[in-house]
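Visitor: This is the structure, below, for whatever I ask next.
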Amino acid sequence: MNLPFIFIVIPLLVSAASLIIRKRGILYRSLLSLCTFLFGLGAFIMAALSSDASTALSINEEFLILGRSLHISYTDLPLIGLIYFITTLWIVTTICFESNTFFPALSVSYTGFLVASISIDPFLYSTLIFFLANGIFLIALSKGEYRAIAGRMRFLLFQLLSVFLILLAGWILAGGEIAPVEEDQLFISSVLLGCGVALWLGAFPFHTWIPLLVEEVFFLPFGFMMTLMPISGILMLLRFVDNFAWLREYSAFYPAVLYLGVVMILLGGIGSFFQKSLKRVLSFVFIAGIGMLLSSVGFVPYASTDLVGSWLIPIAVGFWSISLAYVELVGSQSGSNIEDLKGKFIEKPLHAILLISGLFTVSGLPLFSGFAPNILMLHISVGINRVIQFCILGGEFFLCMTAIRLMLRLFIFSPPDKMRIPDKIKIDRILVGLIILWNIFQGIFPSLIFEPIFKALSKIFPLI
Amino acid sequence: MADVLFLILIAVIILSITTMALTDSARVTLAFLGVLYLCSFVLILQVWPLGLAAVHLLTGLLTVIIVNFYCSKITWQPSTPRNALDILLIVFVGVVAFALAPQVVVYLTEPLQHLVIGFFLFITGLLQAGTSQEEFRVFIGLLILTLGFQVIYAPLEGSALVTALISLVQIALSLVGARILIKNREELR
């Protein structure tokens, strides 16, 4: 038994086996929720035991496959545990809310592939593994409507291109371990890497697949994919920087990533404000959220990996809140307009608050978990460049305006109904309430949760 | 590689791509896609052992079979302006590939023939996927793009794991893409 087998192979097997019982809804979803929860818990317990000097764990960290290896060290386990807990949250959600029947099983396999992409050595192949995960996940995204497939085709094209560009960039940089890399070689590989990451994460001007895809697919699986995809992209980028000293010391690299991220924040904010389709509004909010993560990589010379670590949970919680609130408030009807939100606060107040809390989290407003990383980001940007700070603030301003625009639909234009108090509290309301409280708790006491993540990331990427 | 073999390969590839661009039948397109996989096999055999190159060929043929299984009956309406544009694009891409490859060989240390053919396929696939209105042709463009990348990347990296991963990616792409395409056709009918 070894760690990659436990956290990659077994989840993939569980995912495949669970498809047999997918018709038995509750059992299927509950079983997968329990499995992913146990994987997450197991990862944290093993990480805690390994850091305890009196306990010696003998589980192997390496798994050989076709002459290469999957390597999960004990220092990686907290991050892997966090990823599995995020997946658990999404699968628990499917117990109460409508989604594609394949989604729970494929979300487990998606997570397994993500962990494989983090652990594969050489890490360049991680892009191939992740494309495989995305390709398979398209089945979970599809909602049985195939009249328009342009978004799915563009998604495949952009992801495929990104894989090729990143592989080529990695090959050029890997040559630098043997012989010195020339300036123009470094420039070309940086351009390839930048374009590859931009295509992968939907950075401007390659963001078009996100709003196009969201119109064609189920929102809940889409939200899940948009949560884990940027996390994997950011981790891969950090691994590039950690492994290649040439790239780390290349003066243009960090500013380029920073500008890319900042443009995403600004574009996401402005884009979300001017859309009429609710799905597109929220997809631009996702773009802004990914921009926050990407720009935090650009701030690595000033804040190490702390800013990246501090954005991970707010983005995960924010995207989950937005996705779940959308599904509950609007349902699976396609082509939803923001006017469909009218009066929804009266009907479903908790989910209306969830939507607003998700938007405010991504915007980085006080009392929500995005506030602390946002303050850190703005504080660092003061000393670098006013343009960057202006773009971040501009993007956040438009995100807030978007939230207010949606609030106006939710609150002010409500029909003169009375708010209905339910006879009994459903289990999903408890989950939603807990997540809102967690979000606020983390906004008030950020250091309690961020400290362990900072430590875990600094151990995983020691050279950054 | 002998220049004669290179010339034969490039001629067959250009003819195949042109036929794929002008035809109105999915079956003909897939037959010539199979020819492209065969050509790339001959090319890759120069740098990879027979076993790995055979994996590449088998994956390619499997891809053709999968797509043929779902989409063999698909046809579309050819139009003269579109055909003219396709031929112009092929000529343009050919010129670009021959001009670009000697410049790039400085950064990607591999035989020039691989770069020329690889770039030609890569850019052709990209342009076909980018400019086509017909979803089936977009999908075939994706497969040609992947093939072009494999030709470029083969001399750089010859590990079994990469070959296996690229094969898996290609099979997953063909399964998912072909299924989406046929569902789309059924709904539009």
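Going by the structure tokens order, chains are called A, B, ..., each with residues numbered from 1, while ligands are numbered from 1 in the order shown.
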Please find the residues of chain A near chain B - the criterion being any atom within 6 Å, counting only C-alpha atoms - and write them as a count of residues only.

Guide: 4

Visitor: Excluding region 272-276 of chain A and its own-chain neighbours fewer than 5 positions away, which residues fall within 9 Å of it when counting only C-alpha atoms? Please give them as a ChimeraX atom specification.

Guide: /A:267,281-285,288,336-339,398-403,405

Visitor: Restricting the output to C-alpha atoms, write the selected residues as a PDB file, in the first residue's frame.

Guide:
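File produced: part-v6.pdb:
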```pdb
ATOM      1  CA  LEU A 267     -12.743  42.058 -17.087  1.00  0.00           C
ATOM      2  CA  VAL A 281     -23.252  37.099 -14.979  1.00  0.00           C
ATOM      3  CA  LEU A 282     -22.085  34.356 -12.657  1.00  0.00           C
ATOM      4  CA  SER A 283     -19.588  32.961 -15.166  1.00  0.00           C
ATOM      5  CA  PHE A 284     -17.903  36.383 -15.294  1.00  0.00           C
ATOM      6  CA  VAL A 285     -17.825  36.392 -11.491  1.00  0.00           C
ATOM      7  CA  ALA A 288     -12.864  37.446 -11.656  1.00  0.00           C
ATOM      8  CA  SER A 336     -32.292  32.391 -17.454  1.00  0.00           C
ATOM      9  CA  ASN A 337     -32.476  36.141 -17.248  1.00  0.00           C
ATOM     10  CA  ILE A 338     -31.570  38.123 -14.142  1.00  0.00           C
ATOM     11  CA  GLU A 339     -35.214  39.207 -14.015  1.00  0.00           C
ATOM     12  CA  PHE A 398     -18.006  46.246 -10.527  1.00  0.00           C
ATOM     13  CA  LEU A 399     -18.389  42.918  -8.690  1.00  0.00           C
ATOM     14  CA  CYS A 400     -20.047  44.776  -5.813  1.00  0.00           C
ATOM     15  CA  MET A 401     -22.278  46.636  -8.264  1.00  0.00           C
ATOM     16  CA  THR A 402     -23.238  43.289  -9.784  1.00  0.00           C
ATOM     17  CA  ALA A 403     -24.155  42.002  -6.335  1.00  0.00           C
ATOM     18  CA  ARG A 405     -27.905  44.751  -9.130  1.00  0.00           C
TER      19      ARG A 405
END
```

Visitor: Just to confirm, what's the straight-line distance from CA of Phe85 (chain A) to CA of Gly40 (chain A) in Å (one decimal)?

Guide: 5.5 Å

Visitor: Give me, as a PyMOL selection string, the residues of region 8-255 of chain A that a backbone DSSP run labels helix (DSSP H, G or I).

Guide: chain A and resi 8-21+25-51+74-96+103-119+123-141+150-177+183-201+209-214+219-243+245-249+253-255

Visitor: CA of Pro349 (chain A) to CA of Thr94 (chain A): how many Å, to one decimal?

Guide: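 Computing it gives 20.2 Å between the two atoms.
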
Visitor: Name the closest residue to Ser73 (chain A) among the candidates A:Leu89, A:Ile120, A:Leu393, A:Leu31; distances are taken between atoms, counting only C-alpha atoms.

Guide: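 Ranking A:Leu89, A:Ile120, A:Leu393, A:Leu31 by distance to Ser73 (chain A), first place goes to A:Ile120.
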
Visitor: Find the spatial neighbours of region 10-27 of chain A, counting only C-alpha atoms, within a cut-off of 9 Å - ignore same-chain residues fewer than 2 positions away - and output them as a count of residues only.

Guide: 25
